[in-house]
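Source file: structure.cif; contents: mmCIF, C-alpha atoms.
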```cif
data_my_file
loop_
_atom_site.label_atom_id
_atom_site.label_comp_id
_atom_site.auth_asym_id
_atom_site.auth_seq_id
_atom_site.Cartn_x
_atom_site.Cartn_y
_atom_site.Cartn_z
CA MET A 1 28.47 -37.46 99.03
CA HIS A 2 25.48 -39.41 97.79
CA ASP A 3 22.08 -39.82 99.39
CA ILE A 4 22.10 -43.24 101.08
CA ARG A 5 18.76 -43.97 99.39
CA LEU A 6 20.67 -44.43 96.11
CA LEU A 7 22.03 -47.69 97.52
CA ARG A 8 18.51 -48.95 98.04
CA ASP A 9 16.51 -47.44 95.19
CA GLN A 10 18.90 -46.44 92.38
CA MET A 11 21.88 -48.77 92.43
CA PRO A 12 21.76 -49.34 88.62
CA HIS A 13 21.91 -45.56 88.13
CA LEU A 14 24.88 -45.31 90.48
CA ARG A 15 26.71 -48.14 88.71
CA GLU A 16 26.06 -46.53 85.33
CA ALA A 17 27.46 -43.24 86.62
CA MET A 18 30.67 -44.96 87.71
CA ARG A 19 30.88 -46.73 84.33
CA ARG A 20 30.62 -43.41 82.48
CA ARG A 21 33.57 -42.18 84.53
CA GLY A 22 35.53 -45.33 83.70
CA LYS A 23 35.55 -46.25 87.40
CA LEU A 24 33.23 -49.24 87.58
CA ASP A 25 35.99 -51.86 87.73
CA GLU A 26 37.73 -49.92 90.50
CA LEU A 27 34.62 -49.00 92.47
CA GLY A 28 32.43 -52.01 91.76
CA PRO A 29 33.58 -53.80 94.94
CA VAL A 30 32.89 -50.63 96.95
CA LEU A 31 29.35 -50.50 95.54
CA ASP A 32 28.84 -54.22 96.25
CA ARG A 33 29.96 -53.79 99.84
CA ALA A 34 27.88 -50.63 100.36
CA GLU A 35 24.78 -52.30 98.90
CA ALA A 36 25.19 -55.35 101.14
CA LEU A 37 25.73 -53.18 104.22
CA GLU A 38 22.69 -51.04 103.43
CA LYS A 39 20.60 -54.21 103.21
CA GLU A 40 22.02 -55.36 106.55
CA ARG A 41 21.24 -51.95 108.07
CA ARG A 42 17.61 -52.14 106.97
CA GLU A 43 17.31 -55.70 108.28
CA ALA A 44 18.74 -54.59 111.63
CA ILE A 45 16.21 -51.75 111.83
CA ALA A 46 13.35 -54.16 111.07
CA ALA A 47 14.65 -56.59 113.72
CA VAL A 48 14.86 -53.78 116.27
CA GLU A 49 11.29 -52.72 115.55
CA GLU A 50 10.09 -56.33 115.90
CA LEU A 51 11.93 -56.84 119.19
CA GLN A 52 10.72 -53.53 120.57
CA ALA A 53 7.15 -54.52 119.76
CA ARG A 54 7.67 -57.89 121.50
CA ARG A 55 9.24 -56.21 124.54
CA ASN A 56 6.31 -53.80 124.80
CA LYS A 57 3.91 -56.73 124.72
CA VAL A 58 5.95 -58.60 127.37
CA THR A 59 5.99 -55.52 129.56
CA GLN A 60 2.20 -55.29 129.38
CA GLU A 61 1.83 -58.98 130.21
CA VAL A 62 4.20 -58.63 133.18
CA ALA A 63 2.11 -55.74 134.48
CA LYS A 64 -1.07 -57.82 134.21
CA LEU A 65 0.47 -60.79 136.04
CA ARG A 66 1.81 -58.62 138.84
CA LYS A 67 -1.56 -56.94 139.22
CA ALA A 68 -3.11 -60.37 139.53
CA GLY A 69 -0.47 -61.43 142.05
CA GLU A 70 0.91 -64.13 139.76
CA PRO A 71 4.61 -64.85 139.06
CA ALA A 72 6.21 -63.25 135.97
CA ASP A 73 9.80 -64.47 136.25
CA ASP A 74 9.90 -66.10 132.81
CA LEU A 75 8.56 -63.03 131.07
CA MET A 76 10.95 -60.74 132.94
CA ALA A 77 13.84 -62.97 131.87
CA GLU A 78 12.61 -62.74 128.28
CA SER A 79 12.45 -58.95 128.57
CA ARG A 80 16.07 -58.83 129.79
CA ALA A 81 17.14 -61.08 126.90
CA ILE A 82 15.35 -58.84 124.44
CA GLY A 83 17.15 -55.83 125.94
CA GLU A 84 20.51 -57.51 125.39
CA GLN A 85 19.57 -58.33 121.80
CA LEU A 86 18.54 -54.73 121.20
CA THR A 87 21.84 -53.49 122.57
CA ASP A 88 23.76 -55.83 120.26
CA LEU A 89 21.62 -54.89 117.25
CA ASP A 90 22.01 -51.19 117.95
CA ALA A 91 25.80 -51.52 118.18
CA ARG A 92 25.86 -53.46 114.92
CA ARG A 93 23.61 -50.94 113.18
CA THR A 94 25.85 -48.08 114.34
CA SER A 95 28.91 -49.90 113.05
CA VAL A 96 27.26 -50.64 109.71
CA GLU A 97 26.11 -47.03 109.27
CA ALA A 98 29.64 -45.78 109.97
CA GLU A 99 31.08 -48.13 107.35
CA VAL A 100 28.42 -47.18 104.79
CA HIS A 101 29.17 -43.50 105.43
CA GLN A 102 32.89 -44.14 104.88
CA LEU A 103 32.22 -46.04 101.65
CA LEU A 104 29.98 -43.27 100.34
CA LEU A 105 32.86 -40.83 100.89
CA GLU A 106 34.91 -42.87 98.40
CA LEU A 107 32.39 -42.57 95.55
CA PRO A 108 32.68 -39.65 93.11
CA ASN A 109 29.74 -37.50 92.09
CA ILE A 110 27.28 -38.48 89.37
CA THR A 111 27.91 -36.38 86.27
CA LEU A 112 25.05 -34.62 84.49
CA GLU A 113 23.51 -36.29 81.46
CA GLU A 114 25.00 -33.78 79.00
CA VAL A 115 28.54 -34.65 80.13
CA PRO A 116 30.09 -37.01 77.55
CA GLU A 117 31.25 -40.36 78.88
CA GLY A 118 34.83 -41.58 78.63
CA GLY A 119 38.22 -40.05 79.34
CA GLU A 120 39.97 -36.82 78.33
CA GLU A 121 40.02 -37.91 74.69
CA ASN A 122 36.27 -37.20 74.71
CA ASN A 123 36.56 -33.65 76.07
CA GLN A 124 34.68 -31.24 73.80
CA VAL A 125 35.69 -27.73 72.75
CA VAL A 126 32.42 -25.82 73.05
CA ARG A 127 33.64 -22.33 72.11
CA ALA A 128 36.77 -20.23 71.66
CA TRP A 129 37.70 -16.56 71.82
CA GLY A 130 40.57 -14.71 70.10
CA GLU A 131 43.37 -15.94 67.87
CA PRO A 132 46.16 -17.91 69.60
CA ARG A 133 49.68 -16.79 68.79
CA ALA A 134 51.56 -19.35 66.70
CA ALA A 135 54.00 -21.56 68.55
CA GLU A 136 56.62 -21.09 65.81
CA SER A 137 56.63 -17.27 66.12
CA GLY A 138 60.01 -17.14 67.85
CA VAL A 139 58.55 -16.56 71.32
CA ILE A 140 60.97 -16.99 74.22
CA PRO A 141 59.54 -19.34 76.91
CA HIS A 142 58.13 -17.54 79.93
CA TRP A 143 60.78 -18.81 82.35
CA GLU A 144 63.52 -17.30 80.17
CA ILE A 145 61.86 -13.96 79.46
CA GLY A 146 60.70 -13.74 83.10
CA GLU A 147 64.23 -14.09 84.42
CA LYS A 148 65.65 -11.80 81.71
CA LEU A 149 63.19 -9.07 82.75
CA GLY A 150 63.90 -9.66 86.46
CA LEU A 151 60.31 -10.70 87.17
CA MET A 152 61.03 -14.09 88.77
CA ASP A 153 63.91 -15.88 90.44
CA LEU A 154 63.52 -19.62 89.94
CA PRO A 155 66.93 -20.76 91.32
CA ARG A 156 66.50 -18.92 94.61
CA GLY A 157 62.92 -20.12 94.96
CA ALA A 158 64.23 -23.67 94.68
CA LYS A 159 67.06 -22.89 97.10
CA ILE A 160 64.85 -21.62 99.90
CA SER A 161 61.89 -24.03 99.49
CA GLY A 162 62.63 -26.67 96.84
CA SER A 163 61.52 -27.20 93.26
CA GLY A 164 58.06 -25.95 92.43
CA PHE A 165 58.31 -22.77 94.51
CA ILE A 166 58.72 -19.35 92.90
CA VAL A 167 60.16 -16.01 94.01
CA TYR A 168 58.70 -13.04 92.14
CA ARG A 169 60.86 -9.92 92.16
CA GLY A 170 60.39 -6.24 91.38
CA ALA A 171 57.80 -5.74 88.68
CA GLY A 172 57.01 -9.47 88.88
CA ALA A 173 55.94 -9.15 92.53
CA ARG A 174 53.95 -6.07 91.63
CA LEU A 175 52.33 -7.99 88.76
CA VAL A 176 51.02 -10.59 91.22
CA ARG A 177 49.58 -7.85 93.42
CA ALA A 178 48.08 -6.10 90.39
CA LEU A 179 46.39 -9.28 89.19
CA MET A 180 44.91 -9.85 92.66
CA ASN A 181 43.41 -6.36 92.87
CA PHE A 182 42.26 -6.37 89.24
CA MET A 183 40.45 -9.70 89.48
CA VAL A 184 38.95 -9.30 92.95
CA ASN A 185 37.76 -5.76 92.22
CA THR A 186 36.16 -6.80 88.94
CA HIS A 187 34.30 -9.74 90.47
CA ALA A 188 33.21 -7.78 93.53
CA ASP A 189 32.30 -4.49 91.86
CA GLU A 190 30.99 -5.66 88.47
CA HIS A 191 29.89 -9.26 89.00
CA GLY A 192 28.34 -8.86 92.47
CA TYR A 193 30.46 -11.27 94.54
CA GLU A 194 31.01 -10.73 98.27
CA GLU A 195 34.74 -10.41 98.94
CA LEU A 196 36.27 -12.70 101.57
CA TRP A 197 39.72 -13.18 103.08
CA VAL A 198 39.96 -16.76 104.29
CA PRO A 199 42.37 -18.88 106.39
CA LEU A 200 45.06 -20.86 104.60
CA LEU A 201 44.91 -23.67 107.17
CA VAL A 202 41.72 -25.69 107.61
CA ASN A 203 40.64 -28.68 109.67
CA ARG A 204 39.82 -32.21 108.57
CA ASN A 205 36.05 -31.66 108.54
CA THR A 206 36.49 -28.73 106.19
CA MET A 207 38.64 -30.74 103.78
CA THR A 208 36.13 -33.60 103.90
CA GLY A 209 33.22 -31.24 103.22
CA THR A 210 34.45 -30.31 99.73
CA GLY A 211 35.72 -33.78 98.81
CA GLN A 212 39.50 -33.42 99.23
CA LEU A 213 39.46 -35.99 102.04
CA PRO A 214 39.71 -38.84 102.44
CA LYS A 215 40.62 -39.63 98.82
CA PHE A 216 43.28 -36.98 98.14
CA GLU A 217 45.12 -36.76 101.46
CA ASP A 218 48.44 -37.66 99.80
CA ASP A 219 48.17 -34.52 97.65
CA MET A 220 47.77 -32.23 100.67
CA TYR A 221 50.36 -30.40 102.74
CA ALA A 222 49.49 -31.26 106.34
CA VAL A 223 50.32 -30.17 109.88
CA PRO A 224 49.84 -33.52 111.67
CA SER A 225 50.36 -32.18 115.19
CA ASP A 226 47.27 -29.98 114.80
CA ASP A 227 45.42 -32.11 112.21
CA LEU A 228 45.32 -29.10 109.88
CA PHE A 229 45.88 -28.83 106.14
CA LEU A 230 47.14 -26.06 103.87
CA ILE A 231 44.36 -25.30 101.41
CA PRO A 232 44.71 -26.50 97.79
CA THR A 233 42.26 -23.75 96.77
CA ALA A 234 40.15 -21.09 98.47
CA GLU A 235 37.12 -23.14 97.41
CA VAL A 236 37.67 -25.26 100.52
CA PRO A 237 37.20 -22.63 103.26
CA ILE A 238 34.65 -20.61 101.26
CA THR A 239 32.34 -23.55 100.53
CA ASN A 240 32.51 -24.62 104.17
CA LEU A 241 31.64 -21.13 105.42
CA TYR A 242 28.07 -22.26 106.14
CA ARG A 243 28.82 -25.88 107.02
CA GLU A 244 26.20 -27.33 109.41
CA GLU A 245 23.98 -24.27 108.86
CA ILE A 246 20.59 -23.57 107.31
CA LEU A 247 20.27 -20.52 105.06
CA GLU A 248 16.98 -18.65 104.98
CA PRO A 249 15.14 -17.65 101.77
CA ALA A 250 16.61 -14.14 101.80
CA ASP A 251 20.13 -15.61 101.91
CA MET A 252 19.90 -17.35 98.52
CA PRO A 253 21.63 -17.33 96.13
CA ARG A 254 25.07 -16.42 97.53
CA SER A 255 28.29 -15.63 95.69
CA PHE A 256 31.79 -15.16 97.11
CA VAL A 257 35.21 -14.19 95.78
CA ALA A 258 38.55 -14.57 97.53
CA PHE A 259 42.23 -14.40 96.73
CA SER A 260 44.53 -16.94 98.35
CA ALA A 261 47.75 -18.79 98.03
CA CYS A 262 47.14 -22.45 97.12
CA PHE A 263 49.28 -25.44 98.09
CA ARG A 264 49.48 -28.80 96.30
CA ARG A 265 52.07 -31.51 96.69
CA GLU A 266 51.28 -32.74 93.17
CA ALA A 267 51.81 -36.34 94.26
CA GLY A 268 52.01 -38.62 91.24
CA SER A 269 52.97 -35.81 88.81
CA ALA A 270 56.37 -37.32 87.98
CA GLY A 271 57.07 -37.05 84.28
CA LYS A 272 54.72 -34.10 83.73
CA ASP A 273 56.02 -30.75 82.46
CA THR A 274 57.37 -28.89 85.50
CA ARG A 275 59.27 -26.10 83.73
CA GLY A 276 58.82 -22.52 84.86
CA LEU A 277 55.34 -21.76 86.18
CA LEU A 278 53.50 -24.67 84.59
CA ARG A 279 53.35 -27.00 87.62
CA VAL A 280 54.19 -25.53 91.01
CA HIS A 281 53.52 -26.46 94.63
CA GLU A 282 52.43 -22.97 95.72
CA PHE A 283 50.52 -20.56 93.52
CA ASP A 284 48.10 -17.66 93.81
CA LYS A 285 44.52 -17.70 92.64
CA VAL A 286 41.26 -15.80 92.77
CA GLU A 287 38.38 -18.18 93.45
CA LEU A 288 34.65 -17.80 92.84
CA VAL A 289 32.10 -19.82 94.85
CA ARG A 290 28.34 -19.77 94.48
CA TYR A 291 25.46 -21.31 96.45
CA ALA A 292 22.46 -21.97 94.21
CA THR A 293 19.09 -23.67 94.35
CA PRO A 294 18.75 -27.02 92.53
CA GLU A 295 16.45 -25.42 89.95
CA ASN A 296 19.03 -22.78 88.96
CA SER A 297 22.43 -24.40 89.47
CA ARG A 298 22.94 -25.40 85.83
CA GLN A 299 22.30 -21.82 84.68
CA GLU A 300 24.54 -20.57 87.49
CA LEU A 301 27.39 -22.62 86.01
CA GLU A 302 27.09 -20.70 82.75
CA LEU A 303 27.07 -17.41 84.65
CA LEU A 304 30.10 -18.29 86.75
CA THR A 305 32.01 -19.48 83.67
CA SER A 306 31.22 -16.24 81.85
CA HIS A 307 32.76 -14.31 84.75
CA ALA A 308 35.99 -16.31 84.46
CA GLU A 309 35.98 -15.85 80.67
CA LYS A 310 35.60 -12.08 81.12
CA MET A 311 38.94 -11.99 82.95
CA LEU A 312 40.69 -13.67 80.03
CA GLN A 313 39.08 -11.27 77.58
CA LEU A 314 40.20 -8.26 79.63
CA LEU A 315 43.72 -9.71 79.79
CA GLU A 316 43.57 -10.10 75.98
CA LEU A 317 44.43 -13.80 76.14
CA PRO A 318 42.83 -16.02 73.48
CA TYR A 319 41.26 -19.08 75.06
CA ARG A 320 39.05 -22.07 74.48
CA VAL A 321 36.33 -23.62 76.68
CA LEU A 322 36.31 -27.39 77.12
CA LEU A 323 33.42 -29.46 78.43
CA LEU A 324 35.17 -32.26 80.28
CA ALA A 325 34.15 -35.86 79.72
CA ALA A 326 32.97 -37.87 82.72
CA GLY A 327 36.30 -39.66 83.17
CA ASP A 328 38.19 -36.35 83.23
CA THR A 329 35.71 -34.59 85.53
CA GLY A 330 36.89 -34.01 89.09
CA PHE A 331 35.83 -36.29 91.93
CA SER A 332 33.23 -33.93 93.41
CA SER A 333 32.03 -32.29 90.21
CA ALA A 334 28.86 -33.07 88.25
CA MET A 335 29.95 -30.96 85.26
CA THR A 336 33.09 -28.94 84.54
CA TYR A 337 34.23 -26.40 81.96
CA ASP A 338 37.99 -25.94 81.68
CA LEU A 339 39.31 -22.65 80.29
CA GLU A 340 42.61 -23.02 78.46
CA VAL A 341 44.99 -20.41 77.04
CA PHE A 342 47.62 -21.24 74.45
CA SER A 343 51.26 -20.99 75.50
CA PRO A 344 53.26 -20.27 72.33
CA GLY A 345 56.54 -20.55 74.20
CA VAL A 346 55.93 -24.23 74.98
CA GLY A 347 53.44 -24.92 72.19
CA LYS A 348 50.60 -26.25 74.33
CA TRP A 349 47.26 -25.30 75.84
CA LEU A 350 47.34 -24.47 79.56
CA GLU A 351 44.40 -24.89 81.90
CA VAL A 352 43.94 -21.61 83.79
CA SER A 353 40.46 -22.19 85.20
CA SER A 354 38.02 -24.98 86.02
CA CYS A 355 34.39 -23.98 86.54
CA SER A 356 32.20 -26.67 88.09
CA VAL A 357 28.76 -27.39 89.47
CA PHE A 358 28.67 -29.99 92.25
CA THR A 359 24.89 -30.36 92.61
CA ASP A 360 24.26 -31.32 96.28
CA PHE A 361 27.36 -33.56 96.53
CA GLN A 362 29.45 -31.15 98.62
CA ALA A 363 26.45 -29.79 100.50
CA ARG A 364 25.57 -33.28 101.77
CA ARG A 365 29.11 -33.80 103.01
CA ALA A 366 29.17 -30.38 104.70
CA ASN A 367 25.43 -30.34 105.62
CA ILE A 368 24.74 -26.94 104.01
CA ARG A 369 20.99 -26.42 103.60
CA TYR A 370 18.50 -23.68 102.81
CA ARG A 371 14.77 -23.03 103.08
CA ALA A 372 13.03 -22.23 99.80
CA ALA A 373 10.38 -20.36 101.82
CA ALA A 374 9.89 -19.52 105.48
CA GLY A 375 8.76 -22.54 107.46
CA GLU A 376 9.53 -25.06 104.69
CA LYS A 377 11.64 -28.16 105.22
CA PRO A 378 15.35 -27.42 104.56
CA ARG A 379 16.92 -28.67 101.32
CA PHE A 380 20.57 -29.07 100.37
CA VAL A 381 22.07 -26.19 98.41
CA HIS A 382 23.90 -26.74 95.14
CA THR A 383 27.49 -25.49 95.20
CA LEU A 384 29.62 -24.16 92.34
CA ASN A 385 33.13 -22.83 92.04
CA GLY A 386 35.60 -21.62 89.49
CA SER A 387 39.10 -20.20 89.24
CA ALA A 388 39.00 -16.65 87.98
CA LEU A 389 41.91 -16.97 87.61
CA ALA A 390 45.02 -18.98 88.59
CA PHE A 391 48.00 -16.62 88.42
CA SER A 392 51.04 -18.75 87.60
CA ARG A 393 49.86 -19.97 84.19
CA ILE A 394 48.18 -16.63 83.47
CA ILE A 395 51.54 -14.92 84.02
CA ALA A 396 53.22 -17.52 81.81
CA ALA A 397 50.65 -16.93 79.05
CA MET A 398 50.93 -13.14 79.34
CA LEU A 399 54.73 -13.19 79.11
CA GLU A 400 54.55 -15.32 75.98
CA HIS A 401 51.44 -14.08 74.19
CA HIS A 402 52.14 -10.35 74.73
CA GLN A 403 55.89 -10.66 74.12
CA GLN A 404 57.41 -8.17 71.64
CA PRO A 405 60.37 -8.64 69.23
CA ASP A 406 62.61 -6.47 71.41
CA GLY A 407 62.05 -8.77 74.41
CA SER A 408 59.59 -6.51 76.20
CA VAL A 409 56.06 -7.55 77.18
CA THR A 410 53.01 -5.37 76.55
CA VAL A 411 50.66 -5.00 79.52
CA PRO A 412 46.94 -5.42 78.71
CA ALA A 413 45.05 -2.15 78.93
CA ALA A 414 42.72 -3.32 81.71
CA LEU A 415 45.70 -4.19 83.93
CA ARG A 416 47.70 -1.00 83.41
CA PRO A 417 45.98 1.09 86.12
CA TYR A 418 46.80 -1.64 88.67
CA LEU A 419 50.37 -2.26 87.54
CA GLY A 420 51.27 1.36 86.85
CA ARG A 421 53.01 0.69 83.53
CA ASP A 422 52.21 -0.13 79.93
CA VAL A 423 55.21 -2.33 79.18
CA LEU A 424 57.47 -4.71 81.10
CA ARG A 425 61.10 -4.14 80.06
#
```
As structure tokens, the full file:
Amino acid sequence: MHDIRLLRDQMPHLREAMRRRGKLDELGPVLDRAEALEKERREAIAAVEELQARRNKVTQEVAKLRKAGEPADDLMAESRAIGEQLTDLDARRTSVEAEVHQLLLELPNITLEEVPEGGEENNQVVRAWGEPRAAESGVIPHWEIGEKLGLMDLPRGAKISGSGFIVYRGAGARLVRALMNFMVNTHADEHGYEELWVPLLVNRNTMTGTGQLPKFEDDMYAVPSDDLFLIPTAEVPITNLYREEILEPADMPRSFVAFSACFRREAGSAGKDTRGLLRVHEFDKVELVRYATPENSRQELELLTSHAEKMLQLLELPYRVLLLAAGDTGFSSAMTYDLEVFSPGVGKWLEVSSCSVFTDFQARRANIRYRAAAGEKPRFVHTLNGSALAFSRIIAAMLEHHQQPDGSVTVPAALRPYLGRDVLR
């Protein structure tokens, strides 16, 4: 959420930010309306101050007349009229502020200057690691090798829940558990994150705090009777952990890691590749969240991204890092790196992690603040998060990239102690 002062003092900057995202035509009317309402709000405040000053003066004059024993009926009538005007103005100001707040919730974050403008065609590969396996190397797609090895049961997953839901079996189920322990342990023990176990259902305020609501409600699985939502990522409950709180100097910076199931309806994904594990409605993921100071948040993004990259290196999966252009950057994000692994079985790059800095956009929505020093005025934290990593596409990439000619799959060395085997046969 943006500081309301942008509507008054930096509207050209806000319009330029929406243009860089390719959203100015869509959001121009929203900006026009918000700007007009903010002007009306300021005018109402000025009118209130003027009327209050007049009422104070009338009150003093009434007191003088009464003390002198003279009638003050006209002035008392004026005072009552002023009171009615103030009540009307206050109601209007409250209504305007509520509408401005709602409009601000519809505006995406302002991307950092180094983020290229335009759509996904302007995404930039900033670095790569390892050598991707060639797509024409005779690799069996992950959904075929996974079923052949008894790791997953796609038909029964669809039978019990519908398309986009997966049943892992035997060594496949153990692989999910191994990935969870491997990733969480590495981030907690080596990278210094505090481990959390968070609820899978959250309330509307929590979803609004990270930017999922109101814009993306159609993508959420909801429980209307309780006004609760299944989380699309553990970022949502973790980031909101300190909603409406003020952190003290000793509390900053903070870093958290959590494993969770994630739920996404994928509304509007018709026509996209839904084979195997590429696009599912429920998947598992280890999430990293950091609270940083404004001065350090950009550097914290590099640190967080390096932690996600380390997981791919340990899993021996070649990858590339993309800096997303403004039009491809998520609604709440100010800057995002996507980590992609190559899937030789389907011949395409798969996003397995997004690492983002949100500046104070989420913190304003959730009112998460900190004191830089004891006794100082609170400031909004900067939030960051990243997947480290999302399991379904990681499993797909492992089954394809580490696949052997005999149909077996080699287990990366770092994962073997957790899985208890060197090869999946």
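Using all atoms listed in the file for every distance, the candidate list A:Met1, A:Cys355, A:Leu322, A:Leu213 yields A:Cys355 as the residue closest to Ser306 of chain A.
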Evaluating the PyMOL selection byres ((chain A and resi 328) around 12) on the displayed file yields which residues, as a PDB file with C-alpha atoms, in the frame of the given file?
```pdb
ATOM      1  CA  ARG A  20      30.620 -43.410  82.480  1.00  0.00           C
ATOM      2  CA  ARG A  21      33.570 -42.180  84.530  1.00  0.00           C
ATOM      3  CA  GLY A  22      35.530 -45.330  83.700  1.00  0.00           C
ATOM      4  CA  LYS A  23      35.550 -46.250  87.400  1.00  0.00           C
ATOM      5  CA  PRO A 108      32.680 -39.650  93.110  1.00  0.00           C
ATOM      6  CA  THR A 111      27.910 -36.380  86.270  1.00  0.00           C
ATOM      7  CA  VAL A 115      28.540 -34.650  80.130  1.00  0.00           C
ATOM      8  CA  PRO A 116      30.090 -37.010  77.550  1.00  0.00           C
ATOM      9  CA  GLU A 117      31.250 -40.360  78.880  1.00  0.00           C
ATOM     10  CA  GLY A 118      34.830 -41.580  78.630  1.00  0.00           C
ATOM     11  CA  GLY A 119      38.220 -40.050  79.340  1.00  0.00           C
ATOM     12  CA  GLU A 120      39.970 -36.820  78.330  1.00  0.00           C
ATOM     13  CA  GLU A 121      40.020 -37.910  74.690  1.00  0.00           C
ATOM     14  CA  ASN A 122      36.270 -37.200  74.710  1.00  0.00           C
ATOM     15  CA  ASN A 123      36.560 -33.650  76.070  1.00  0.00           C
ATOM     16  CA  GLN A 124      34.680 -31.240  73.800  1.00  0.00           C
ATOM     17  CA  LEU A 322      36.310 -27.390  77.120  1.00  0.00           C
ATOM     18  CA  LEU A 323      33.420 -29.460  78.430  1.00  0.00           C
ATOM     19  CA  LEU A 324      35.170 -32.260  80.280  1.00  0.00           C
ATOM     20  CA  ALA A 325      34.150 -35.860  79.720  1.00  0.00           C
ATOM     21  CA  ALA A 326      32.970 -37.870  82.720  1.00  0.00           C
ATOM     22  CA  GLY A 327      36.300 -39.660  83.170  1.00  0.00           C
ATOM     23  CA  THR A 329      35.710 -34.590  85.530  1.00  0.00           C
ATOM     24  CA  GLY A 330      36.890 -34.010  89.090  1.00  0.00           C
ATOM     25  CA  PHE A 331      35.830 -36.290  91.930  1.00  0.00           C
ATOM     26  CA  SER A 332      33.230 -33.930  93.410  1.00  0.00           C
ATOM     27  CA  SER A 333      32.030 -32.290  90.210  1.00  0.00           C
ATOM     28  CA  ALA A 334      28.860 -33.070  88.250  1.00  0.00           C
ATOM     29  CA  MET A 335      29.950 -30.960  85.260  1.00  0.00           C
ATOM     30  CA  THR A 336      33.090 -28.940  84.540  1.00  0.00           C
ATOM     31  CA  TYR A 337      34.230 -26.400  81.960  1.00  0.00           C
ATOM     32  CA  ASP A 338      37.990 -25.940  81.680  1.00  0.00           C
ATOM     33  CA  SER A 354      38.020 -24.980  86.020  1.00  0.00           C
TER      34      SER A 354
END
```
Using the chain letters and numbers from the file, give me the residues hit by the PyMOL selection byres ((chain A and resi 24) around 12), as a list in words.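 This file gives the following for the PyMOL selection byres ((chain A and resi 24) around 12): Pro12, His13, Leu14, Arg15, Glu16, Ala17, Met18, Arg19, Arg20, Arg21, Gly22, Lys23, Asp25, Glu26, Leu27, Gly28, Pro29, Val30, Leu31, Asp32, Leu107, Pro108, Gly118 and Gly327 of chain A.
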Could you tell me which residues the PyMOL selection byres ((chain A and resi 157-169) around 10) returns for this structure, as a tab-separated table (two decimals) with C-alpha atoms, in the coordinates of the input?
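As written to disk, result_22.tsv reads:
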```tsv
chain	number	residue	atom	x	y	z
A	146	GLY	CA	60.70	-13.74	83.10
A	147	GLU	CA	64.23	-14.09	84.42
A	149	LEU	CA	63.19	-9.07	82.75
A	150	GLY	CA	63.90	-9.66	86.46
A	151	LEU	CA	60.31	-10.70	87.17
A	152	MET	CA	61.03	-14.09	88.77
A	153	ASP	CA	63.91	-15.88	90.44
A	154	LEU	CA	63.52	-19.62	89.94
A	155	PRO	CA	66.93	-20.76	91.32
A	156	ARG	CA	66.50	-18.92	94.61
A	170	GLY	CA	60.39	-6.24	91.38
A	171	ALA	CA	57.80	-5.74	88.68
A	172	GLY	CA	57.01	-9.47	88.88
A	173	ALA	CA	55.94	-9.15	92.53
A	174	ARG	CA	53.95	-6.07	91.63
A	175	LEU	CA	52.33	-7.99	88.76
A	176	VAL	CA	51.02	-10.59	91.22
A	264	ARG	CA	49.48	-28.80	96.30
A	265	ARG	CA	52.07	-31.51	96.69
A	266	GLU	CA	51.28	-32.74	93.17
A	274	THR	CA	57.37	-28.89	85.50
A	275	ARG	CA	59.27	-26.10	83.73
A	276	GLY	CA	58.82	-22.52	84.86
A	277	LEU	CA	55.34	-21.76	86.18
A	278	LEU	CA	53.50	-24.67	84.59
A	279	ARG	CA	53.35	-27.00	87.62
A	280	VAL	CA	54.19	-25.53	91.01
A	281	HIS	CA	53.52	-26.46	94.63
A	282	GLU	CA	52.43	-22.97	95.72
A	283	PHE	CA	50.52	-20.56	93.52
A	392	SER	CA	51.04	-18.75	87.60
```
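Residue nearest Arg425 of chain A, chosen from A:Arg204, A:Ile145, A:Ala178, A:Phe358 and counting only C-alpha atoms: A:Ile145.
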Near Phe229 of chain A, counting only C-alpha atoms, which residues have an atom at most 10 Å away, once you skip same-chain residues fewer than 3 positions from it, shown as a list of chain:residue names? A:Leu200, A:Leu201, A:Val202, A:Asn203, A:Arg204, A:Thr206, A:Met207, A:Glu217, A:Met220, A:Tyr221, A:Ala222, A:Val223, A:Pro224, A:Asp226, A:Pro232, A:Phe263
Of the candidates A:Ser353, A:Gln362, A:Gln52, A:Thr383, which one gets nearest to Met311 of chain A if we count only C-alpha atoms?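 Of all the options, A:Ser353 lies closest to Met311 of chain A.
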Interatomic distance (Å, one decimal) between atom CA of Asp422 of chain A and atom CA of Thr410 of chain A: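 Between atom CA of Asp422 of chain A and atom CA of Thr410 of chain A the gap is 6.3 Å.
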A:Ala292, A:Met398, A:Met11, A:Val58 ranked by distance to Ser343 of chain A, top pick (using all atoms listed in the file): A:Met398
Can you work out the spacing between atom CA of Met183 of chain A and atom CA of Glu131 of chain A in Å, to one decimal? 22.7 Å
